[in-house]
Amino acid sequence: MKIRSLIIALISAATTGLGGWLALTAVLELNEASTLQRDGTLAQATISQKWIVAGESRNKSHLIRYTFNTGEEDVTFERPVPVPLHRVVNDGSVLEVKFTPGQPELHEVFPGQLSGAARSKLIGGLIICGVGLFVFLMGGVLSLFKRKESDV
């Protein structure tokens with residue numbers, strides 16, 4: 001009986017911790033997306049390469065390499081993009097990106113890229129955290145019922 005309770009507690013703690021960590025990182029990413037929307041600057045990015053990585057998930061398998069000028073320097077990045085965007089761009093295509101001055105790594109290849117991913121991560125984290133709390137509470141409630149039955 002005690003081992004079962006310990007296992008339930010460990011599973012719920014791990015699940016709640018993972019969900020909490022995902023939710024926290026998502027909130028930080030939403031804060032970055034908000035900073036980008038508030039302080040961002042537009043630039044023209046030129047695509048130099050696009051490719052597909054076999055074996056990756058659909059949202060990580062279609063990549064592009066592109067370069068844009070921050071006003072001070074040219075910077076180059078590689079990022080996964082949605083399949084429809086990947087299909088319509090070619091080497092030499094130009095995209096408008098929004099970047100944060102002084103922090104060009106904080107940028108979006110398409111509007112809402114950062115906030116959309118962060119929102120999905122936040123929802124997933126909250127669900128996982130909720131499952132962990134549910135398991136914890138149900139384990140406690142079940143152990144209370146088992147105690148009452150043994151008292152009778």
# chains A, B, ... in the order shown; residues from 1 in each chain; ligands from 1

$ select_by_dssp --residues "chain A" --states "alpha helix (DSSP H)" --output "mmCIF file with N, CA, C and O atoms, in the first residue's frame"
data_model
loop_
_atom_site.group_PDB
_atom_site.id
_atom_site.type_symbol
_atom_site.label_atom_id
_atom_site.label_comp_id
_atom_site.auth_asym_id
_atom_site.auth_seq_id
_atom_site.Cartn_x
_atom_site.Cartn_y
_atom_site.Cartn_z
ATOM 1 N N LYS A 2 1.916 1.288 0.810
ATOM 2 C CA LYS A 2 2.769 2.464 0.879
ATOM 3 C C LYS A 2 3.562 2.647 -0.412
ATOM 4 O O LYS A 2 3.792 3.769 -0.837
ATOM 5 N N ILE A 3 3.969 1.547 -1.042
ATOM 6 C CA ILE A 3 4.713 1.639 -2.298
ATOM 7 C C ILE A 3 3.815 2.237 -3.380
ATOM 8 O O ILE A 3 4.242 3.096 -4.155
ATOM 9 N N ARG A 4 2.561 1.802 -3.414
ATOM 10 C CA ARG A 4 1.613 2.344 -4.408
ATOM 11 C C ARG A 4 1.432 3.853 -4.211
ATOM 12 O O ARG A 4 1.444 4.617 -5.158
ATOM 13 N N SER A 5 1.292 4.275 -2.961
ATOM 14 C CA SER A 5 1.146 5.699 -2.662
ATOM 15 C C SER A 5 2.390 6.480 -3.076
ATOM 16 O O SER A 5 2.296 7.586 -3.606
ATOM 17 N N LEU A 6 3.549 5.898 -2.828
ATOM 18 C CA LEU A 6 4.803 6.542 -3.213
ATOM 19 C C LEU A 6 4.904 6.668 -4.726
ATOM 20 O O LEU A 6 5.307 7.725 -5.241
ATOM 21 N N ILE A 7 4.536 5.619 -5.438
ATOM 22 C CA ILE A 7 4.574 5.662 -6.904
ATOM 23 C C ILE A 7 3.620 6.730 -7.433
ATOM 24 O O ILE A 7 3.973 7.508 -8.318
ATOM 25 N N ILE A 8 2.416 6.791 -6.880
ATOM 26 C CA ILE A 8 1.445 7.812 -7.299
ATOM 27 C C ILE A 8 1.996 9.205 -7.023
ATOM 28 O O ILE A 8 1.904 10.099 -7.870
ATOM 29 N N ALA A 9 2.594 9.384 -5.855
ATOM 30 C CA ALA A 9 3.160 10.699 -5.509
ATOM 31 C C ALA A 9 4.294 11.075 -6.459
ATOM 32 O O ALA A 9 4.388 12.224 -6.906
ATOM 33 N N LEU A 10 5.168 10.118 -6.784
ATOM 34 C CA LEU A 10 6.282 10.398 -7.692
ATOM 35 C C LEU A 10 5.790 10.727 -9.103
ATOM 36 O O LEU A 10 6.277 11.674 -9.737
ATOM 37 N N ILE A 11 4.828 9.960 -9.588
ATOM 38 C CA ILE A 11 4.284 10.222 -10.929
ATOM 39 C C ILE A 11 3.610 11.589 -10.967
ATOM 40 O O ILE A 11 3.822 12.365 -11.895
ATOM 41 N N SER A 12 2.818 11.888 -9.948
ATOM 42 C CA SER A 12 2.124 13.179 -9.952
ATOM 43 C C SER A 12 3.108 14.343 -9.809
ATOM 44 O O SER A 12 2.957 15.373 -10.462
ATOM 45 N N ALA A 13 4.147 14.169 -8.983
ATOM 46 C CA ALA A 13 5.140 15.234 -8.819
ATOM 47 C C ALA A 13 5.904 15.467 -10.122
ATOM 48 O O ALA A 13 6.114 16.617 -10.531
ATOM 49 N N ALA A 14 6.305 14.365 -10.779
ATOM 50 C CA ALA A 14 7.040 14.506 -12.039
ATOM 51 C C ALA A 14 6.158 15.147 -13.113
ATOM 52 O O ALA A 14 6.604 16.039 -13.840
ATOM 53 N N THR A 15 4.923 14.704 -13.200
ATOM 54 C CA THR A 15 4.014 15.246 -14.207
ATOM 55 C C THR A 15 3.702 16.711 -13.933
ATOM 56 O O THR A 15 3.735 17.544 -14.840
ATOM 57 N N THR A 16 3.415 17.035 -12.686
ATOM 58 C CA THR A 16 3.134 18.422 -12.327
ATOM 59 C C THR A 16 4.361 19.300 -12.572
ATOM 60 O O THR A 16 4.245 20.408 -13.093
ATOM 61 N N GLY A 17 5.532 18.798 -12.215
ATOM 62 C CA GLY A 17 6.764 19.563 -12.444
ATOM 63 C C GLY A 17 7.029 19.810 -13.916
ATOM 64 O O GLY A 17 7.369 20.922 -14.316
ATOM 65 N N LEU A 18 6.865 18.772 -14.737
ATOM 66 C CA LEU A 18 7.065 18.927 -16.176
ATOM 67 C C LEU A 18 6.064 19.924 -16.757
ATOM 68 O O LEU A 18 6.437 20.818 -17.522
ATOM 69 N N GLY A 19 4.805 19.773 -16.380
ATOM 70 C CA GLY A 19 3.785 20.704 -16.870
ATOM 71 C C GLY A 19 4.056 22.129 -16.423
ATOM 72 O O GLY A 19 3.909 23.077 -17.190
ATOM 73 N N GLY A 20 4.474 22.284 -15.171
ATOM 74 C CA GLY A 20 4.799 23.622 -14.658
ATOM 75 C C GLY A 20 5.979 24.237 -15.386
ATOM 76 O O GLY A 20 5.970 25.431 -15.719
ATOM 77 N N TRP A 21 7.000 23.405 -15.647
ATOM 78 C CA TRP A 21 8.172 23.904 -16.382
ATOM 79 C C TRP A 21 7.778 24.334 -17.797
ATOM 80 O O TRP A 21 8.203 25.398 -18.270
ATOM 81 N N LEU A 22 6.980 23.515 -18.486
ATOM 82 C CA LEU A 22 6.535 23.880 -19.834
ATOM 83 C C LEU A 22 5.728 25.170 -19.807
ATOM 84 O O LEU A 22 5.903 26.049 -20.659
ATOM 85 N N ALA A 23 4.820 25.287 -18.838
ATOM 86 C CA ALA A 23 4.001 26.499 -18.745
ATOM 87 C C ALA A 23 4.867 27.725 -18.461
ATOM 88 O O ALA A 23 4.671 28.786 -19.063
ATOM 89 N N LEU A 24 5.833 27.588 -17.568
ATOM 90 C CA LEU A 24 6.715 28.714 -17.247
ATOM 91 C C LEU A 24 7.529 29.143 -18.463
ATOM 92 O O LEU A 24 7.626 30.339 -18.763
ATOM 93 N N THR A 25 8.123 28.188 -19.174
ATOM 94 C CA THR A 25 8.902 28.563 -20.363
ATOM 95 C C THR A 25 8.008 29.179 -21.429
ATOM 96 O O THR A 25 8.425 30.086 -22.141
ATOM 97 N N ALA A 26 6.756 28.718 -21.515
ATOM 98 C CA ALA A 26 5.818 29.296 -22.480
ATOM 99 C C ALA A 26 5.493 30.747 -22.116
ATOM 100 O O ALA A 26 5.415 31.609 -22.997
ATOM 101 N N VAL A 27 5.326 31.022 -20.837
ATOM 102 C CA VAL A 27 5.055 32.398 -20.400
ATOM 103 C C VAL A 27 6.244 33.294 -20.751
ATOM 104 O O VAL A 27 6.068 34.426 -21.228
ATOM 105 N N LEU A 28 7.459 32.796 -20.544
ATOM 106 C CA LEU A 28 8.652 33.567 -20.911
ATOM 107 C C LEU A 28 8.705 33.810 -22.420
ATOM 108 O O LEU A 28 9.061 34.909 -22.868
ATOM 109 N N GLU A 29 8.338 32.802 -23.213
ATOM 110 C CA GLU A 29 8.309 32.967 -24.673
ATOM 111 C C GLU A 29 7.211 33.942 -25.098
ATOM 112 O O GLU A 29 7.398 34.717 -26.042
ATOM 113 N N LEU A 30 6.075 33.922 -24.418
ATOM 114 C CA LEU A 30 5.014 34.896 -24.718
ATOM 115 C C LEU A 30 5.477 36.310 -24.399
ATOM 116 O O LEU A 30 5.136 37.263 -25.110
ATOM 117 N N ASN A 31 6.276 36.451 -23.346
ATOM 118 C CA ASN A 31 6.841 37.750 -23.004
ATOM 119 C C ASN A 31 7.790 38.230 -24.110
ATOM 120 O O ASN A 31 7.777 39.404 -24.494
ATOM 121 N N GLU A 32 8.608 37.302 -24.639
ATOM 122 C CA GLU A 32 9.497 37.657 -25.758
ATOM 123 C C GLU A 32 8.684 38.054 -26.986
ATOM 124 O O GLU A 32 9.034 39.009 -27.679
ATOM 125 N N ALA A 33 7.613 37.330 -27.263
ATOM 126 C CA ALA A 33 6.757 37.650 -28.411
ATOM 127 C C ALA A 33 6.130 39.021 -28.243
ATOM 128 O O ALA A 33 6.018 39.792 -29.208
ATOM 129 N N SER A 34 5.751 39.344 -27.026
ATOM 130 C CA SER A 34 5.177 40.665 -26.741
ATOM 131 C C SER A 34 6.223 41.762 -26.957
ATOM 132 O O SER A 34 5.930 42.813 -27.531
ATOM 133 N N THR A 35 7.454 41.508 -26.511
ATOM 134 C CA THR A 35 8.550 42.458 -26.728
ATOM 135 C C THR A 35 8.778 42.670 -28.220
ATOM 136 O O THR A 35 8.950 43.805 -28.677
ATOM 137 N N LEU A 36 8.758 41.585 -28.967
ATOM 138 C CA LEU A 36 8.948 41.678 -30.420
ATOM 139 C C LEU A 36 7.839 42.504 -31.066
ATOM 140 O O LEU A 36 8.109 43.351 -31.912
ATOM 141 N N GLN A 37 6.608 42.261 -30.661
ATOM 142 C CA GLN A 37 5.496 43.011 -31.247
ATOM 143 C C GLN A 37 5.586 44.498 -30.903
ATOM 144 O O GLN A 37 5.283 45.357 -31.724
ATOM 145 N N ARG A 38 6.021 44.800 -29.686
ATOM 146 C CA ARG A 38 6.097 46.187 -29.232
ATOM 147 C C ARG A 38 7.305 46.922 -29.829
ATOM 148 O O ARG A 38 7.190 48.055 -30.281
ATOM 149 N N ASP A 39 8.477 46.277 -29.827
ATOM 150 C CA ASP A 39 9.718 46.950 -30.194
ATOM 151 C C ASP A 39 10.296 46.508 -31.536
ATOM 152 O O ASP A 39 11.352 46.986 -31.931
ATOM 153 N N ARG A 58 6.454 16.995 -38.762
ATOM 154 C CA ARG A 58 6.044 17.890 -39.860
ATOM 155 C C ARG A 58 6.351 19.363 -39.565
ATOM 156 O O ARG A 58 6.739 20.101 -40.445
ATOM 157 N N ASN A 59 6.213 19.771 -38.322
ATOM 158 C CA ASN A 59 6.447 21.185 -38.007
ATOM 159 C C ASN A 59 7.925 21.518 -37.786
ATOM 160 O O ASN A 59 8.269 22.668 -37.569
ATOM 161 N N LYS A 60 8.819 20.519 -37.849
ATOM 162 C CA LYS A 60 10.257 20.778 -37.706
ATOM 163 C C LYS A 60 11.061 20.326 -38.918
ATOM 164 O O LYS A 60 12.260 20.527 -38.959
ATOM 165 N N SER A 61 10.412 19.717 -39.888
ATOM 166 C CA SER A 61 11.150 19.095 -40.991
ATOM 167 C C SER A 61 11.417 20.025 -42.174
ATOM 168 O O SER A 61 12.318 19.779 -42.953
ATOM 169 N N VAL A 83 4.764 24.076 -43.671
ATOM 170 C CA VAL A 83 4.873 23.466 -44.994
ATOM 171 C C VAL A 83 4.350 24.397 -46.102
ATOM 172 O O VAL A 83 5.023 24.553 -47.129
ATOM 173 N N PRO A 84 3.188 25.057 -45.937
ATOM 174 C CA PRO A 84 2.721 25.935 -47.022
ATOM 175 C C PRO A 84 3.711 27.062 -47.366
ATOM 176 O O PRO A 84 3.898 27.377 -48.533
ATOM 177 N N LEU A 85 4.356 27.628 -46.359
ATOM 178 C CA LEU A 85 5.354 28.667 -46.616
ATOM 179 C C LEU A 85 6.562 28.053 -47.309
ATOM 180 O O LEU A 85 7.088 28.624 -48.272
ATOM 181 N N HIS A 86 6.994 26.908 -46.860
ATOM 182 C CA HIS A 86 8.147 26.226 -47.458
ATOM 183 C C HIS A 86 7.917 25.946 -48.941
ATOM 184 O O HIS A 86 8.840 26.045 -49.753
ATOM 185 N N ARG A 87 6.682 25.612 -49.286
ATOM 186 C CA ARG A 87 6.370 25.286 -50.679
ATOM 187 C C ARG A 87 6.450 26.483 -51.615
ATOM 188 O O ARG A 87 6.777 26.331 -52.785
ATOM 189 N N VAL A 88 6.139 27.684 -51.119
ATOM 190 C CA VAL A 88 6.056 28.846 -52.013
ATOM 191 C C VAL A 88 7.342 29.649 -52.104
ATOM 192 O O VAL A 88 7.449 30.537 -52.946
ATOM 193 N N GLN A 113 4.435 33.862 -35.309
ATOM 194 C CA GLN A 113 5.224 32.624 -35.193
ATOM 195 C C GLN A 113 5.583 32.337 -33.737
ATOM 196 O O GLN A 113 5.386 31.215 -33.256
ATOM 197 N N LEU A 114 6.107 33.304 -33.028
ATOM 198 C CA LEU A 114 6.538 33.080 -31.649
ATOM 199 C C LEU A 114 5.362 32.904 -30.701
ATOM 200 O O LEU A 114 5.348 31.980 -29.887
ATOM 201 N N SER A 115 4.371 33.760 -30.816
ATOM 202 C CA SER A 115 3.256 33.685 -29.878
ATOM 203 C C SER A 115 2.406 32.440 -30.112
ATOM 204 O O SER A 115 1.900 31.844 -29.160
ATOM 205 N N GLY A 116 2.254 32.018 -31.355
ATOM 206 C CA GLY A 116 1.469 30.818 -31.633
ATOM 207 C C GLY A 116 2.085 29.579 -31.021
ATOM 208 O O GLY A 116 1.401 28.771 -30.380
ATOM 209 N N ALA A 117 3.384 29.429 -31.183
ATOM 210 C CA ALA A 117 4.077 28.269 -30.609
ATOM 211 C C ALA A 117 4.042 28.323 -29.084
ATOM 212 O O ALA A 117 3.850 27.299 -28.425
ATOM 213 N N ALA A 118 4.207 29.515 -28.524
ATOM 214 C CA ALA A 118 4.209 29.650 -27.064
ATOM 215 C C ALA A 118 2.827 29.358 -26.482
ATOM 216 O O ALA A 118 2.715 28.732 -25.422
ATOM 217 N N ARG A 119 1.777 29.799 -27.166
ATOM 218 C CA ARG A 119 0.418 29.513 -26.683
ATOM 219 C C ARG A 119 0.147 28.007 -26.659
ATOM 220 O O ARG A 119 -0.422 27.484 -25.710
ATOM 221 N N SER A 120 0.552 27.322 -27.709
ATOM 222 C CA SER A 120 0.369 25.870 -27.756
ATOM 223 C C SER A 120 1.144 25.193 -26.622
ATOM 224 O O SER A 120 0.640 24.275 -25.966
ATOM 225 N N LYS A 121 2.350 25.646 -26.386
ATOM 226 C CA LYS A 121 3.179 25.089 -25.319
ATOM 227 C C LYS A 121 2.557 25.361 -23.946
ATOM 228 O O LYS A 121 2.562 24.499 -23.068
ATOM 229 N N LEU A 122 1.993 26.556 -23.770
ATOM 230 C CA LEU A 122 1.355 26.914 -22.509
ATOM 231 C C LEU A 122 0.154 26.016 -22.247
ATOM 232 O O LEU A 122 -0.010 25.479 -21.146
ATOM 233 N N ILE A 123 -0.671 25.826 -23.256
ATOM 234 C CA ILE A 123 -1.851 24.969 -23.100
ATOM 235 C C ILE A 123 -1.430 23.538 -22.765
ATOM 236 O O ILE A 123 -1.962 22.919 -21.846
ATOM 237 N N GLY A 124 -0.440 23.027 -23.481
ATOM 238 C CA GLY A 124 0.061 21.683 -23.197
ATOM 239 C C GLY A 124 0.612 21.570 -21.791
ATOM 240 O O GLY A 124 0.352 20.595 -21.072
ATOM 241 N N GLY A 125 1.385 22.560 -21.368
ATOM 242 C CA GLY A 125 1.957 22.552 -20.026
ATOM 243 C C GLY A 125 0.895 22.579 -18.945
ATOM 244 O O GLY A 125 0.985 21.866 -17.940
ATOM 245 N N LEU A 126 -0.140 23.403 -19.156
ATOM 246 C CA LEU A 126 -1.218 23.467 -18.170
ATOM 247 C C LEU A 126 -2.001 22.157 -18.101
ATOM 248 O O LEU A 126 -2.393 21.719 -17.020
ATOM 249 N N ILE A 127 -2.207 21.544 -19.250
ATOM 250 C CA ILE A 127 -2.909 20.247 -19.260
ATOM 251 C C ILE A 127 -2.090 19.198 -18.521
ATOM 252 O O ILE A 127 -2.615 18.456 -17.676
ATOM 253 N N ILE A 128 -0.790 19.126 -18.812
ATOM 254 C CA ILE A 128 0.071 18.145 -18.142
ATOM 255 C C ILE A 128 0.111 18.409 -16.637
ATOM 256 O O ILE A 128 0.032 17.483 -15.824
ATOM 257 N N CYS A 129 0.223 19.674 -16.264
ATOM 258 C CA CYS A 129 0.233 20.036 -14.847
ATOM 259 C C CYS A 129 -1.090 19.630 -14.189
ATOM 260 O O CYS A 129 -1.109 19.084 -13.082
ATOM 261 N N GLY A 130 -2.192 19.882 -14.883
ATOM 262 C CA GLY A 130 -3.503 19.492 -14.364
ATOM 263 C C GLY A 130 -3.619 17.991 -14.177
ATOM 264 O O GLY A 130 -4.185 17.522 -13.180
ATOM 265 N N VAL A 131 -3.099 17.220 -15.116
ATOM 266 C CA VAL A 131 -3.119 15.755 -14.988
ATOM 267 C C VAL A 131 -2.324 15.335 -13.755
ATOM 268 O O VAL A 131 -2.764 14.477 -12.978
ATOM 269 N N GLY A 132 -1.166 15.942 -13.556
ATOM 270 C CA GLY A 132 -0.360 15.617 -12.382
ATOM 271 C C GLY A 132 -1.078 15.928 -11.083
ATOM 272 O O GLY A 132 -1.083 15.121 -10.142
ATOM 273 N N LEU A 133 -1.731 17.078 -11.026
ATOM 274 C CA LEU A 133 -2.486 17.441 -9.824
ATOM 275 C C LEU A 133 -3.676 16.512 -9.623
ATOM 276 O O LEU A 133 -3.987 16.110 -8.495
ATOM 277 N N PHE A 134 -4.326 16.156 -10.719
ATOM 278 C CA PHE A 134 -5.466 15.241 -10.650
ATOM 279 C C PHE A 134 -5.020 13.890 -10.087
ATOM 280 O O PHE A 134 -5.672 13.323 -9.205
ATOM 281 N N VAL A 135 -3.914 13.355 -10.595
ATOM 282 C CA VAL A 135 -3.401 12.072 -10.109
ATOM 283 C C VAL A 135 -3.067 12.175 -8.622
ATOM 284 O O VAL A 135 -3.394 11.290 -7.831
ATOM 285 N N PHE A 136 -2.448 13.290 -8.225
ATOM 286 C CA PHE A 136 -2.106 13.488 -6.820
ATOM 287 C C PHE A 136 -3.353 13.521 -5.944
ATOM 288 O O PHE A 136 -3.433 12.837 -4.925
ATOM 289 N N LEU A 137 -4.337 14.312 -6.360
ATOM 290 C CA LEU A 137 -5.561 14.430 -5.574
ATOM 291 C C LEU A 137 -6.332 13.116 -5.530
ATOM 292 O O LEU A 137 -6.841 12.720 -4.485
ATOM 293 N N MET A 138 -6.426 12.449 -6.672
ATOM 294 C CA MET A 138 -7.147 11.178 -6.706
ATOM 295 C C MET A 138 -6.432 10.118 -5.863
ATOM 296 O O MET A 138 -7.072 9.323 -5.188
ATOM 297 N N GLY A 139 -5.116 10.114 -5.899
ATOM 298 C CA GLY A 139 -4.364 9.180 -5.059
ATOM 299 C C GLY A 139 -4.637 9.434 -3.589
ATOM 300 O O GLY A 139 -4.816 8.501 -2.799
ATOM 301 N N GLY A 140 -4.696 10.697 -3.204
ATOM 302 C CA GLY A 140 -4.992 11.041 -1.812
ATOM 303 C C GLY A 140 -6.411 10.687 -1.429
ATOM 304 O O GLY A 140 -6.660 10.136 -0.350
ATOM 305 N N VAL A 141 -7.364 10.974 -2.307
ATOM 306 C CA VAL A 141 -8.768 10.664 -2.033
ATOM 307 C C VAL A 141 -8.964 9.157 -1.929
ATOM 308 O O VAL A 141 -9.639 8.665 -1.020
ATOM 309 N N LEU A 142 -8.349 8.423 -2.858
ATOM 310 C CA LEU A 142 -8.487 6.964 -2.815
ATOM 311 C C LEU A 142 -7.885 6.385 -1.530
ATOM 312 O O LEU A 142 -8.438 5.458 -0.942
ATOM 313 N N SER A 143 -6.761 6.939 -1.094
ATOM 314 C CA SER A 143 -6.155 6.420 0.137
ATOM 315 C C SER A 143 -7.030 6.740 1.353
ATOM 316 O O SER A 143 -7.089 5.960 2.296
ATOM 317 N N LEU A 144 -7.748 7.860 1.312
ATOM 318 C CA LEU A 144 -8.674 8.178 2.404
ATOM 319 C C LEU A 144 -9.810 7.163 2.458
ATOM 320 O O LEU A 144 -10.208 6.707 3.527
ATOM 321 N N PHE A 145 -10.352 6.823 1.282
ATOM 322 C CA PHE A 145 -11.429 5.841 1.238
ATOM 323 C C PHE A 145 -10.944 4.477 1.722
ATOM 324 O O PHE A 145 -11.644 3.772 2.430
ATOM 325 N N LYS A 146 -9.746 4.102 1.349
ATOM 326 C CA LYS A 146 -9.205 2.798 1.747
ATOM 327 C C LYS A 146 -9.015 2.762 3.280
ATOM 328 O O LYS A 146 -9.241 1.761 3.909
ATOM 329 N N ARG A 147 -8.604 3.876 3.855
ATOM 330 C CA ARG A 147 -8.433 3.949 5.314
ATOM 331 C C ARG A 147 -9.775 3.790 6.022
ATOM 332 O O ARG A 147 -9.885 3.108 7.013
ATOM 333 N N LYS A 148 -10.801 4.463 5.512
ATOM 334 C CA LYS A 148 -12.117 4.383 6.120
ATOM 335 C C LYS A 148 -12.657 2.968 6.046
ATOM 336 O O LYS A 148 -13.301 2.483 6.967
ATOM 337 N N GLU A 149 -12.416 2.287 4.894
ATOM 338 C CA GLU A 149 -12.882 0.913 4.743
ATOM 339 C C GLU A 149 -12.175 -0.002 5.750
ATOM 340 O O GLU A 149 -12.776 -0.893 6.325
ATOM 341 N N SER A 150 -10.874 0.240 5.982
ATOM 342 C CA SER A 150 -10.142 -0.614 6.910
ATOM 343 C C SER A 150 -10.523 -0.315 8.366
ATOM 344 O O SER A 150 -10.369 -1.167 9.238
ATOM 345 N N ASP A 151 -11.016 0.890 8.645
ATOM 346 C CA ASP A 151 -11.453 1.240 9.975
ATOM 347 C C ASP A 151 -12.736 0.520 10.356
ATOM 348 O O ASP A 151 -13.006 0.280 11.518
#

$ select_by_dssp --residues "segment 13-125 of chain A" --states "strand (DSSP E or B)" --output "PyMOL selection string"
chain A and resi 41-52+62-69+74-80+94-100+103-108

$ atom_distance --atom1 "atom CA of Gln103 of chain A" --atom2 "atom CA of His62 of chain A"
24.4 Å

$ atom_distance --atom1 "atom CA of Val89 of chain A" --atom2 "atom CA of Ala43 of chain A"
16.8 Å

$ residues_around --residues "Leu63 of chain A" --least-positions-apart "4" --cutoff "6 Å" --atoms "only C-alpha atoms" --output "list in words"
Lys50, Trp51, Arg79, Pro80 and Val81 of chain A

$ write_last_selection --atoms "C-alpha atoms" --output "mmCIF file, in the first residue's frame"
data_model
loop_
_atom_site.group_PDB
_atom_site.id
_atom_site.type_symbol
_atom_site.label_atom_id
_atom_site.label_comp_id
_atom_site.auth_asym_id
_atom_site.auth_seq_id
_atom_site.Cartn_x
_atom_site.Cartn_y
_atom_site.Cartn_z
ATOM 1 C CA LYS A 50 15.536 25.452 -48.213
ATOM 2 C CA TRP A 51 15.489 21.758 -47.377
ATOM 3 C CA ARG A 79 14.448 27.986 -38.912
ATOM 4 C CA PRO A 80 11.670 25.487 -39.477
ATOM 5 C CA VAL A 81 8.671 26.986 -41.239
#

$ residues_around --residues "Val94 of chain A" --least-positions-apart "2" --cutoff "9 Å" --atoms "only C-alpha atoms" --output "count of residues only"
10

$ decode --residues "segment 72-93 of chain A" --atoms "N, CA and C atoms" --output "tab-separated table (two decimals), in the first residue's frame"
chain	number	residue	atom	x	y	z
A	72	GLU	N	23.02	47.26	-38.78
A	72	GLU	CA	24.42	47.26	-38.36
A	72	GLU	C	25.21	46.13	-39.00
A	73	GLU	N	24.51	45.00	-39.25
A	73	GLU	CA	25.20	43.83	-39.79
A	73	GLU	C	24.20	42.91	-40.48
A	74	ASP	N	24.74	42.04	-41.32
A	74	ASP	CA	23.92	40.98	-41.90
A	74	ASP	C	23.96	39.79	-40.95
A	75	VAL	N	22.79	39.21	-40.69
A	75	VAL	CA	22.69	38.04	-39.82
A	75	VAL	C	22.00	36.92	-40.59
A	76	THR	N	22.43	35.70	-40.35
A	76	THR	CA	21.87	34.53	-41.04
A	76	THR	C	21.31	33.56	-40.00
A	77	PHE	N	20.14	33.03	-40.30
A	77	PHE	CA	19.49	32.07	-39.41
A	77	PHE	C	18.93	30.92	-40.22
A	78	GLU	N	18.70	29.81	-39.53
A	78	GLU	CA	17.99	28.66	-40.08
A	78	GLU	C	16.82	28.39	-39.16
A	79	ARG	N	15.63	28.25	-39.73
A	79	ARG	CA	14.45	27.99	-38.91
A	79	ARG	C	13.50	27.06	-39.63
A	80	PRO	N	12.76	26.24	-38.87
A	80	PRO	CA	11.67	25.49	-39.48
A	80	PRO	C	10.52	26.44	-39.78
A	81	VAL	N	9.83	26.18	-40.86
A	81	VAL	CA	8.67	26.99	-41.24
A	81	VAL	C	7.52	26.05	-41.59
A	82	PRO	N	6.29	26.56	-41.58
A	82	PRO	CA	5.16	25.73	-41.96
A	82	PRO	C	5.31	25.25	-43.41
A	83	VAL	N	4.76	24.08	-43.67
A	83	VAL	CA	4.87	23.47	-44.99
A	83	VAL	C	4.35	24.40	-46.10
A	84	PRO	N	3.19	25.06	-45.94
A	84	PRO	CA	2.72	25.93	-47.02
A	84	PRO	C	3.71	27.06	-47.37
A	85	LEU	N	4.36	27.63	-46.36
A	85	LEU	CA	5.35	28.67	-46.62
A	85	LEU	C	6.56	28.05	-47.31
A	86	HIS	N	6.99	26.91	-46.86
A	86	HIS	CA	8.15	26.23	-47.46
A	86	HIS	C	7.92	25.95	-48.94
A	87	ARG	N	6.68	25.61	-49.29
A	87	ARG	CA	6.37	25.29	-50.68
A	87	ARG	C	6.45	26.48	-51.61
A	88	VAL	N	6.14	27.68	-51.12
A	88	VAL	CA	6.06	28.85	-52.01
A	88	VAL	C	7.34	29.65	-52.10
A	89	VAL	N	8.32	29.37	-51.23
A	89	VAL	CA	9.58	30.11	-51.30
A	89	VAL	C	10.65	29.30	-52.01
A	90	ASN	N	11.61	30.00	-52.59
A	90	ASN	CA	12.75	29.39	-53.27
A	90	ASN	C	14.01	30.16	-52.91
A	91	ASP	N	15.16	29.64	-53.31
A	91	ASP	CA	16.40	30.38	-53.13
A	91	ASP	C	16.25	31.73	-53.80
A	92	GLY	N	16.59	32.80	-53.09
A	92	GLY	CA	16.47	34.15	-53.64
A	92	GLY	C	15.15	34.83	-53.30
A	93	SER	N	14.17	34.07	-52.80
A	93	SER	CA	12.90	34.68	-52.39
A	93	SER	C	13.15	35.64	-51.24
